[in-house]
$ cat entry16.tsv   # TSV, C-alpha atoms
chain	number	residue	atom	x	y	z
N	3	MET	CA	-73.90	-118.03	28.25
N	4	ARG	CA	-76.07	-115.47	26.50
N	5	LEU	CA	-76.18	-111.81	27.28
N	6	ARG	CA	-79.59	-110.30	26.65
N	7	LEU	CA	-78.48	-107.42	24.51
N	8	PRO	CA	-79.41	-106.24	21.05
N	9	ALA	CA	-76.45	-106.37	18.67
N	10	ARG	CA	-76.13	-102.62	18.12
N	11	ARG	CA	-75.97	-101.66	21.78
N	12	GLU	CA	-72.72	-100.63	23.37
N	13	LEU	CA	-70.46	-103.38	24.61
N	14	VAL	CA	-70.57	-104.55	28.17
N	15	CYS	CA	-67.38	-105.56	29.97
N	16	GLN	CA	-68.01	-109.28	29.70
N	17	GLN	CA	-68.18	-108.93	25.92
N	18	ALA	CA	-65.24	-106.55	25.73
N	19	VAL	CA	-62.79	-108.96	27.38
N	20	GLU	CA	-63.63	-111.55	24.73
N	21	LEU	CA	-62.53	-109.14	22.00
N	22	VAL	CA	-59.13	-108.26	23.44
N	23	THR	CA	-57.08	-110.69	21.36
N	24	ASN	CA	-58.86	-109.87	18.12
N	25	TYR	CA	-58.26	-106.22	18.93
N	26	LEU	CA	-54.54	-106.72	19.55
N	27	GLU	CA	-54.27	-108.89	16.43
N	28	GLY	CA	-55.87	-106.21	14.31
N	29	ALA	CA	-58.63	-108.64	13.44
N	30	LEU	CA	-61.63	-106.49	14.38
N	31	PRO	CA	-63.56	-104.87	11.53
N	32	PRO	CA	-63.45	-101.05	11.75
N	33	ALA	CA	-66.89	-100.61	13.30
N	34	ALA	CA	-66.26	-103.29	15.93
N	35	ARG	CA	-62.89	-101.76	16.65
N	36	ARG	CA	-64.43	-98.35	17.23
N	37	ARG	CA	-67.06	-99.88	19.49
N	38	PHE	CA	-64.37	-101.64	21.48
N	39	GLU	CA	-62.28	-98.47	21.82
N	40	ARG	CA	-65.37	-96.51	22.84
N	41	HIS	CA	-65.98	-99.00	25.59
N	42	LEU	CA	-62.36	-98.78	26.77
N	43	ALA	CA	-62.49	-95.00	26.85
N	44	GLY	CA	-65.30	-95.16	29.38
N	45	CYS	CA	-64.22	-98.21	31.37
N	46	GLU	CA	-61.19	-98.15	33.62
N	47	HIS	CA	-61.51	-101.83	34.50
N	48	CYS	CA	-61.43	-103.03	30.91
N	49	THR	CA	-58.56	-100.62	30.25
N	50	GLU	CA	-56.76	-102.26	33.15
N	51	TYR	CA	-57.65	-105.68	31.76
N	52	LEU	CA	-56.13	-104.83	28.39
N	53	ALA	CA	-53.02	-103.47	30.10
N	54	GLN	CA	-52.72	-106.75	32.00
N	55	ILE	CA	-52.95	-108.79	28.82
N	56	ARG	CA	-50.22	-106.64	27.29
N	57	ALA	CA	-48.09	-107.04	30.41
N	58	THR	CA	-48.66	-110.80	30.35
N	59	ILE	CA	-47.34	-110.91	26.79
N	60	ALA	CA	-44.32	-108.86	27.83
N	61	VAL	CA	-43.58	-111.15	30.79
N	62	ALA	CA	-43.90	-114.24	28.59
N	63	GLY	CA	-41.42	-112.65	26.19
N	64	ARG	CA	-38.79	-112.81	28.92
N	65	ILE	CA	-38.88	-116.58	29.08
N	66	GLY	CA	-35.77	-117.05	27.02
N	67	PRO	CA	-33.99	-119.99	25.47
N	68	GLU	CA	-31.62	-121.71	27.82
N	69	ASP	CA	-27.97	-121.75	26.92
N	70	LEU	CA	-26.71	-125.02	25.53
N	71	THR	CA	-24.70	-126.99	28.04
N	72	ILE	CA	-21.27	-128.29	27.05
N	73	ASP	CA	-22.76	-131.79	26.82
N	74	MET	CA	-25.55	-130.60	24.54
N	75	ARG	CA	-23.09	-128.78	22.35
N	76	ALA	CA	-21.04	-131.96	22.04
N	77	ALA	CA	-24.13	-134.04	21.26
N	78	PHE	CA	-25.23	-131.72	18.47
N	79	SER	CA	-21.71	-131.47	17.15
N	80	GLU	CA	-21.75	-135.27	16.92
N	81	LEU	CA	-25.14	-135.13	15.16
N	82	TYR	CA	-23.72	-132.68	12.65
N	83	GLN	CA	-20.63	-134.80	12.02
N	84	SER	CA	-22.66	-137.97	11.50
N	85	TRP	CA	-24.82	-136.11	8.98
N	86	ARG	CA	-21.66	-134.93	7.17
N	87	ARG	CA	-20.38	-138.48	6.95
N	88	GLU	CA	-23.75	-139.59	5.65
N	89	GLU	CA	-23.65	-136.84	2.99
N	90	LEU	CA	-20.17	-137.82	1.87
N	91	GLY	CA	-21.12	-141.48	1.85
N	92	ASP	CA	-24.00	-140.89	-0.54
O	451	MET	CA	-24.66	-105.62	-16.30
O	452	THR	CA	-27.95	-105.82	-14.47
O	453	ALA	CA	-28.05	-107.57	-11.16
O	454	ARG	CA	-30.37	-110.54	-11.17
O	455	HIS	CA	-32.00	-111.90	-8.08
O	456	SER	CA	-31.57	-115.53	-7.37
O	457	ALA	CA	-34.75	-117.57	-7.22
O	458	ARG	CA	-33.46	-118.97	-3.96
O	459	GLN	CA	-33.24	-115.74	-2.10
O	460	PRO	CA	-33.97	-116.15	1.59
O	461	ALA	CA	-37.37	-115.00	2.82
O	462	GLN	CA	-37.38	-111.29	3.51
O	463	SER	CA	-35.76	-110.32	6.79
O	464	ASP	CA	-35.44	-113.91	7.90
O	465	PRO	CA	-33.28	-113.62	11.04
O	466	ASP	CA	-31.70	-116.98	10.23
O	467	ALA	CA	-30.81	-116.35	6.59
O	468	LEU	CA	-27.18	-115.68	7.36
O	469	LEU	CA	-26.77	-118.76	9.53
O	470	LEU	CA	-28.45	-120.84	6.84
O	471	ALA	CA	-25.98	-119.60	4.23
O	472	ARG	CA	-23.07	-120.39	6.54
O	473	LEU	CA	-24.47	-123.81	7.29
O	474	ARG	CA	-24.81	-124.57	3.60
O	475	ALA	CA	-21.19	-123.58	3.19
O	476	GLY	CA	-20.30	-126.31	5.69
O	477	ASP	CA	-19.93	-124.23	8.84
O	478	GLU	CA	-20.64	-126.43	11.87
O	479	GLN	CA	-20.62	-123.44	14.21
O	480	ALA	CA	-23.60	-122.04	12.33
O	481	PHE	CA	-25.46	-125.26	13.08
O	482	ILE	CA	-24.63	-125.05	16.77
O	483	LEU	CA	-25.84	-121.44	16.83
O	484	LEU	CA	-29.13	-122.43	15.22
O	485	VAL	CA	-29.51	-125.22	17.72
O	486	SER	CA	-28.94	-122.87	20.66
O	487	ARG	CA	-31.46	-120.48	19.20
O	488	TYR	CA	-34.28	-122.98	18.77
O	489	ARG	CA	-33.73	-126.08	20.83
O	490	THR	CA	-35.68	-124.84	23.85
O	491	ALA	CA	-38.56	-123.65	21.69
O	492	MET	CA	-38.63	-127.00	19.94
O	493	LEU	CA	-38.65	-128.88	23.22
O	494	ARG	CA	-41.59	-126.83	24.46
O	495	LEU	CA	-43.43	-127.47	21.23
O	496	ALA	CA	-42.66	-131.19	21.10
O	497	ALA	CA	-43.73	-131.67	24.70
O	498	GLY	CA	-47.31	-130.99	23.65
O	499	TYR	CA	-47.38	-134.04	21.42
O	500	VAL	CA	-45.41	-136.70	23.23
O	501	PRO	CA	-45.79	-138.28	26.66
O	502	SER	CA	-42.43	-137.51	28.22
O	503	GLN	CA	-39.52	-135.13	28.22
O	504	ALA	CA	-37.24	-137.95	27.11
O	505	VAL	CA	-39.31	-138.61	24.01
O	506	ALA	CA	-39.46	-134.86	23.33
O	507	GLU	CA	-35.64	-134.74	23.40
O	508	GLU	CA	-35.49	-137.58	20.90
O	509	VAL	CA	-38.01	-135.93	18.62
O	510	VAL	CA	-36.02	-132.70	18.69
O	511	GLN	CA	-32.80	-134.50	17.77
O	512	ASP	CA	-34.60	-136.33	15.02
O	513	ALA	CA	-36.03	-133.06	13.68
O	514	TRP	CA	-32.56	-131.49	13.54
O	515	LEU	CA	-31.30	-134.42	11.54
O	516	GLY	CA	-34.28	-134.06	9.20
O	517	PHE	CA	-33.46	-130.38	8.91
O	518	LEU	CA	-29.86	-131.09	7.92
O	519	ARG	CA	-30.92	-133.73	5.44
O	520	GLY	CA	-33.36	-131.33	3.82
O	521	LEU	CA	-30.91	-128.40	3.58
O	522	ASN	CA	-30.57	-128.68	-0.16
O	523	ARG	CA	-34.28	-128.84	-0.74
O	524	PHE	CA	-35.17	-125.74	1.29
O	525	GLU	CA	-36.10	-122.97	-1.11
O	526	GLY	CA	-36.76	-120.14	1.26
O	527	ARG	CA	-40.48	-119.86	0.62
O	528	SER	CA	-41.00	-119.81	4.37
O	529	SER	CA	-38.68	-118.61	7.11
O	530	VAL	CA	-36.03	-121.05	8.29
O	531	ARG	CA	-37.71	-121.43	11.67
O	532	THR	CA	-41.14	-122.08	10.14
O	533	TRP	CA	-39.60	-124.84	8.08
O	534	LEU	CA	-37.70	-126.20	11.08
O	535	PHE	CA	-40.76	-126.16	13.34
O	536	ARG	CA	-42.85	-127.85	10.68
O	537	ILE	CA	-40.38	-130.69	10.52
O	538	LEU	CA	-40.55	-130.89	14.28
O	539	VAL	CA	-44.35	-130.91	14.46
O	540	ASN	CA	-44.52	-133.66	11.84
O	541	ARG	CA	-42.08	-135.84	13.76
O	542	ALA	CA	-43.73	-135.07	17.08
O	543	ARG	CA	-47.15	-136.01	15.71
O	544	THR	CA	-45.81	-139.30	14.45
O	545	ALA	CA	-44.10	-140.04	17.74
O	546	GLY	CA	-47.15	-138.87	19.68
O	547	SER	CA	-49.56	-141.13	17.86
O	548	ARG	CA	-47.32	-144.09	18.65
O	549	GLU	CA	-47.32	-143.24	22.32
O	550	ARG	CA	-50.74	-141.88	22.82
O	551	ARG	CA	-51.31	-139.33	25.51
O	552	SER	CA	-54.26	-140.21	27.69
O	553	THR	CA	-54.84	-136.73	29.07
O	554	ALA	CA	-56.95	-134.95	26.50
O	555	VAL	CA	-57.77	-131.59	28.01
O	556	ALA	CA	-60.71	-129.61	26.72
O	557	ASP	CA	-59.95	-126.13	25.41
O	558	LEU	CA	-63.29	-124.76	26.46
O	559	THR	CA	-62.62	-122.22	29.13
O	560	ALA	CA	-64.08	-118.77	29.50
O	561	THR	CA	-61.70	-115.84	29.19
O	562	VAL	CA	-62.67	-114.48	32.57
O	563	ASP	CA	-64.70	-116.37	35.18
O	564	SER	CA	-68.32	-115.31	34.61
O	565	ALA	CA	-68.74	-114.97	38.39
O	566	ARG	CA	-66.66	-111.80	38.17
O	567	PHE	CA	-69.39	-110.00	36.22
O	568	ASP	CA	-72.76	-108.78	37.40
O	569	ALA	CA	-76.08	-109.55	35.74
O	570	SER	CA	-75.69	-106.71	33.23
O	571	GLY	CA	-72.22	-107.91	32.16
O	572	GLY	CA	-70.21	-105.26	34.01
O	573	TRP	CA	-67.31	-106.04	36.28
O	574	ALA	CA	-68.45	-107.07	39.77
O	575	SER	CA	-64.95	-108.10	40.76
O	576	PRO	CA	-62.63	-105.99	38.58
O	577	PRO	CA	-59.06	-106.94	37.70
O	578	GLN	CA	-56.71	-106.34	40.60
O	579	PRO	CA	-53.72	-104.25	39.55
O	580	TRP	CA	-50.26	-105.75	39.24
O	581	THR	CA	-48.72	-104.41	36.02
O	582	ASP	CA	-46.71	-101.72	37.84
O	583	LEU	CA	-44.80	-104.51	39.64
O	584	VAL	CA	-43.15	-105.42	36.35
O	585	GLU	CA	-40.83	-102.47	36.99
O	586	ASP	CA	-39.35	-104.32	39.96
O	587	ARG	CA	-36.62	-106.57	38.62
O	588	ILE	CA	-37.01	-109.21	41.32
O	589	VAL	CA	-40.80	-109.41	41.07
O	590	ALA	CA	-40.56	-109.42	37.28
O	591	GLN	CA	-38.31	-112.46	37.50
O	592	GLN	CA	-40.82	-114.16	39.80
O	593	MET	CA	-43.53	-113.46	37.28
O	594	THR	CA	-41.44	-114.86	34.46
O	595	ASP	CA	-40.78	-118.01	36.46
O	596	ALA	CA	-44.45	-118.35	37.34
O	597	LEU	CA	-45.44	-118.05	33.68
O	598	ALA	CA	-42.83	-120.56	32.58
O	599	VAL	CA	-44.43	-123.09	34.92
O	600	ALA	CA	-47.98	-122.10	34.00
O	601	MET	CA	-47.23	-122.56	30.29
O	602	GLY	CA	-46.77	-126.24	31.05
O	603	ASP	CA	-50.28	-126.46	32.47
O	604	LEU	CA	-52.04	-124.97	29.45
O	605	PRO	CA	-53.95	-127.34	27.16
O	606	ASP	CA	-51.60	-128.53	24.42
O	607	ARG	CA	-52.84	-126.46	21.51
O	608	GLN	CA	-53.06	-123.28	23.58
O	609	ARG	CA	-49.54	-123.83	24.84
O	610	ALA	CA	-48.22	-124.42	21.34
O	611	VAL	CA	-49.73	-121.19	20.05
O	612	VAL	CA	-48.86	-119.02	23.05
O	613	THR	CA	-45.26	-120.22	23.27
O	614	LEU	CA	-44.64	-119.79	19.56
O	615	ARG	CA	-46.16	-116.32	19.52
O	616	ASP	CA	-45.23	-114.81	22.85
O	617	ILE	CA	-42.01	-116.57	23.79
O	618	ASP	CA	-40.50	-117.44	20.44
O	619	GLY	CA	-41.81	-114.40	18.62
O	620	LEU	CA	-43.30	-116.05	15.55
O	621	SER	CA	-45.88	-114.14	13.55
O	622	SER	CA	-49.46	-115.40	13.38
O	623	GLU	CA	-48.83	-116.50	9.77
O	624	GLU	CA	-45.82	-118.54	10.84
O	625	VAL	CA	-47.76	-120.17	13.68
O	626	CYS	CA	-50.62	-121.10	11.35
O	627	SER	CA	-48.15	-122.64	8.95
O	628	VAL	CA	-46.26	-124.58	11.63
O	629	LEU	CA	-49.37	-125.95	13.34
O	630	GLU	CA	-51.54	-126.14	10.22
O	631	ILE	CA	-54.41	-124.20	11.75
O	632	THR	CA	-56.50	-121.30	10.47
O	633	GLU	CA	-55.97	-117.68	11.49
O	634	ALA	CA	-59.28	-117.70	13.34
O	635	ASN	CA	-58.39	-120.85	15.23
O	636	GLN	CA	-54.99	-119.42	16.05
O	637	ARG	CA	-56.62	-116.36	17.57
O	638	VAL	CA	-59.03	-118.41	19.66
O	639	LEU	CA	-56.22	-120.53	21.09
O	640	LEU	CA	-54.04	-117.48	21.68
O	641	HIS	CA	-56.93	-115.73	23.39
O	642	ARG	CA	-57.67	-118.57	25.77
O	643	GLY	CA	-54.05	-119.21	26.55
O	644	ARG	CA	-53.16	-115.60	27.25
O	645	SER	CA	-56.31	-115.16	29.31
O	646	ARG	CA	-55.34	-118.02	31.58
O	647	LEU	CA	-51.84	-116.70	32.01
O	648	ARG	CA	-53.15	-113.24	32.86
O	649	GLN	CA	-55.45	-114.77	35.44
O	650	LEU	CA	-52.54	-116.60	36.99
O	651	LEU	CA	-50.49	-113.41	37.28
O	652	GLU	CA	-53.46	-111.56	38.75
O	653	SER	CA	-54.07	-114.33	41.29
O	654	GLU	CA	-50.46	-114.39	42.37
O	655	PHE	CA	-49.47	-110.75	42.14
O	656	GLY	CA	-52.67	-108.68	42.06
O	657	ARG	CA	-53.66	-106.69	45.11
O	658	VAL	CA	-57.02	-105.44	46.23
$ encode --input "entry16.tsv" --output "structure tokens"
Amino acid sequence: MRLRLPARRELVCQQAVELVTNYLEGALPPAARRRFERHLAGCEHCTEYLAQIRATIAVAGRIGPEDLTIDMRAAFSELYQSWRREELGD
Amino acid sequence: MTARHSARQPAQSDPDALLLARLRAGDEQAFILLVSRYRTAMLRLAAGYVPSQAVAEEVVQDAWLGFLRGLNRFEGRSSVRTWLFRILVNRARTAGSRERRSTAVADLTATVDSARFDASGGWASPPQPWTDLVEDRIVAQQMTDALAVAMGDLPDRQRAVVTLRDIDGLSSEEVCSVLEITEANQRVLLHRGRSRLRQLLESEFGRV
């Protein structure tokens, strides 16, 4: 899909949302970063979009590791012991 | 006497450096702690390469054994988890190519449905708010559960990148090293994956 816009014009929303990850990753060159931030300053919807991406990351961060079950613990203990025997055997 | 640094110093601020030292000293408990820390992450990662949960479990076990066997060769040039995950990805790839997955999903999805923009590229159907709901403990848990499920539906490479970055907390450098992809590629996959997850949360929790 092509947006009919000269390169130097201000961003439109559909372009801005494509830059969100590069922005958060610090991967935008300074001029592009300023252009992106200028767009955000004047656009409540894209500001909301960025906030939602940040919130999505935060929610994902709560998906934690599950605790090892007793059975799992025993299985990995056995794995460790068999490795030890193998080491000593060498 | 001047203190000299060992050539085998652990990578700076590696959260697992202490456990690694204990493990090398023969401490089984340190191994179990490492396993509890990373087993779930490894399962999620392996699942992207192999056809079933059962095979993923096997690959994870196999990777831990490979990890133990390589203990003396690890020189700390990467973090412990990068090294561990690289072993895992190698094993998972091998296992995955033996049992080929038939469902190759294309990664080509737009960040936001183009129907939500007008002809000039502005929002026609702007994002519906939901971020304030994160404050509610019960709703936040529902969101977490929804994302955990949605992660499973992402295309494999997107899932691998998003889980390593956003769930397991690896840096972009670590992810590139584990998955052997470029920084630019990592960003594209991260972008698409996160965008899909955001859309899911908006669809389920956003309000007009």
$ atom_distance --input "entry16.tsv" --atom1 "atom CA of Ser622 of chain O" --atom2 "atom CA of Ile65 of chain N"
19.0 Å
$ residues_around --input "entry16.tsv" --residues "segment 515-524 of chain O" --least-positions-apart "3" --cutoff "7 Å" --atoms "all atoms listed in the file" --output "ChimeraX atom specification"
/O:511-512,534
$ residues_around --input "entry16.tsv" --residues "segment 14-27 of chain N" --least-positions-apart "4" --cutoff "6 Å" --atoms "all atoms listed in the file" --output "VMD selection string"
chain O and resid 571 to 572 641
$ interface_residues --input "entry16.tsv" --of "chain N" --to "chain O" --cutoff "8 Å" --atoms "only C-alpha atoms" --output "ChimeraX atom specification"
/N:5,14-17,19-20,22-24,27,47,50-51,53-55,57-70,75,78-79,81-82,85
$ closest_residue --input "entry16.tsv" --among "O:Asp603, O:Glu623, O:Ala467, O:Val589" --to "Ala480 of chain O" --atoms "only C-alpha atoms"
O:Ala467
$ atom_distance --input "entry16.tsv" --atom1 "atom CA of Ala76 of chain N" --atom2 "atom CA of Ala506 of chain O"
18.7 Å
$ residues_around --input "entry16.tsv" --residues "Leu468 of chain O" --least-positions-apart "2" --cutoff "12 Å" --atoms "all atoms listed in the file" --output "list in words"
Gln459, Pro460, Ala461, Gln462, Ser463, Asp464, Pro465, Asp466, Leu470, Ala471, Arg472, Leu473, Arg474, Ala475, Asp477, Ala480, Phe481, Leu483, Leu484, Ser529 and Val530 of chain O
$ residues_near_point --input "entry16.tsv" --point "(-48.6, -128.3, 29.1)" --cutoff "12 Å" --atoms "all atoms listed in the file" --output "VMD selection string"
chain O and resid 493 to 503 551 553 to 555 597 to 613 643
$ atom_distance --input "entry16.tsv" --atom1 "atom CA of Leu42 of chain N" --atom2 "atom CA of Gln636 of chain O"
24.4 Å
$ residues_around --input "entry16.tsv" --residues "Arg37 of chain N" --least-positions-apart "5" --cutoff "9 Å" --atoms "all atoms listed in the file" --output "MDAnalysis selection string"
chainID N and resid 12:13 32 42
$ residues_around --input "entry16.tsv" --residues "Glu39 of chain N" --least-positions-apart "4" --cutoff "10 Å" --atoms "all atoms listed in the file" --output "NGL selection string"
:N and (13 or 18 or 25 or 33-35 or 43-45 or 49)
$ write_last_selection --input "entry16.tsv" --atoms "C-alpha atoms" --output "PDB file, in the frame of the given file"
ATOM      1  CA  LEU N  13     -70.460-103.380  24.610  1.00  0.00           C
ATOM      2  CA  ALA N  18     -65.240-106.550  25.730  1.00  0.00           C
ATOM      3  CA  TYR N  25     -58.260-106.220  18.930  1.00  0.00           C
ATOM      4  CA  ALA N  33     -66.890-100.610  13.300  1.00  0.00           C
ATOM      5  CA  ALA N  34     -66.260-103.290  15.930  1.00  0.00           C
ATOM      6  CA  ARG N  35     -62.890-101.760  16.650  1.00  0.00           C
ATOM      7  CA  ALA N  43     -62.490 -95.000  26.850  1.00  0.00           C
ATOM      8  CA  GLY N  44     -65.300 -95.160  29.380  1.00  0.00           C
ATOM      9  CA  CYS N  45     -64.220 -98.210  31.370  1.00  0.00           C
ATOM     10  CA  THR N  49     -58.560-100.620  30.250  1.00  0.00           C
TER      11      THR N  49
END
$ build_atoms --input "entry16.tsv" --residues "segment 569-583 of chain O" --atoms "N, CA and C atoms" --output "short mmCIF file (atom, residue, chain, number, x, y, z; two decimals), keeping the file's coordinate frame"
data_model
loop_
_atom_site.label_atom_id
_atom_site.label_comp_id
_atom_site.auth_asym_id
_atom_site.auth_seq_id
_atom_site.Cartn_x
_atom_site.Cartn_y
_atom_site.Cartn_z
N ALA O 569 -75.04 -109.08 36.65
CA ALA O 569 -76.08 -109.55 35.74
C ALA O 569 -76.09 -108.77 34.42
N SER O 570 -75.66 -107.51 34.46
CA SER O 570 -75.69 -106.71 33.23
C SER O 570 -74.40 -106.86 32.43
N GLY O 571 -73.45 -107.69 32.90
CA GLY O 571 -72.22 -107.91 32.16
C GLY O 571 -71.10 -106.95 32.51
N GLY O 572 -71.29 -106.15 33.55
CA GLY O 572 -70.21 -105.26 34.01
C GLY O 572 -69.37 -105.97 35.06
N TRP O 573 -68.19 -105.43 35.29
CA TRP O 573 -67.31 -106.04 36.28
C TRP O 573 -67.93 -105.95 37.68
N ALA O 574 -68.06 -107.08 38.36
CA ALA O 574 -68.45 -107.07 39.77
C ALA O 574 -67.17 -107.16 40.60
N SER O 575 -66.24 -107.93 40.10
CA SER O 575 -64.95 -108.10 40.76
C SER O 575 -63.86 -107.75 39.74
N PRO O 576 -63.54 -106.46 39.64
CA PRO O 576 -62.63 -105.99 38.58
C PRO O 576 -61.21 -106.51 38.72
N PRO O 577 -60.44 -106.44 37.64
CA PRO O 577 -59.06 -106.94 37.70
C PRO O 577 -58.25 -106.21 38.77
N GLN O 578 -57.54 -106.96 39.56
CA GLN O 578 -56.71 -106.34 40.60
C GLN O 578 -55.37 -105.98 39.99
N PRO O 579 -54.92 -104.74 40.24
CA PRO O 579 -53.72 -104.25 39.55
C PRO O 579 -52.45 -104.99 39.94
N TRP O 580 -51.57 -105.17 38.98
CA TRP O 580 -50.26 -105.75 39.24
C TRP O 580 -49.22 -105.32 38.22
N THR O 581 -49.66 -104.67 37.11
CA THR O 581 -48.72 -104.41 36.02
C THR O 581 -47.55 -103.50 36.43
N ASP O 582 -47.79 -102.61 37.41
CA ASP O 582 -46.71 -101.72 37.84
C ASP O 582 -45.55 -102.50 38.46
N LEU O 583 -45.85 -103.70 38.98
CA LEU O 583 -44.80 -104.51 39.64
C LEU O 583 -43.75 -105.01 38.66
#
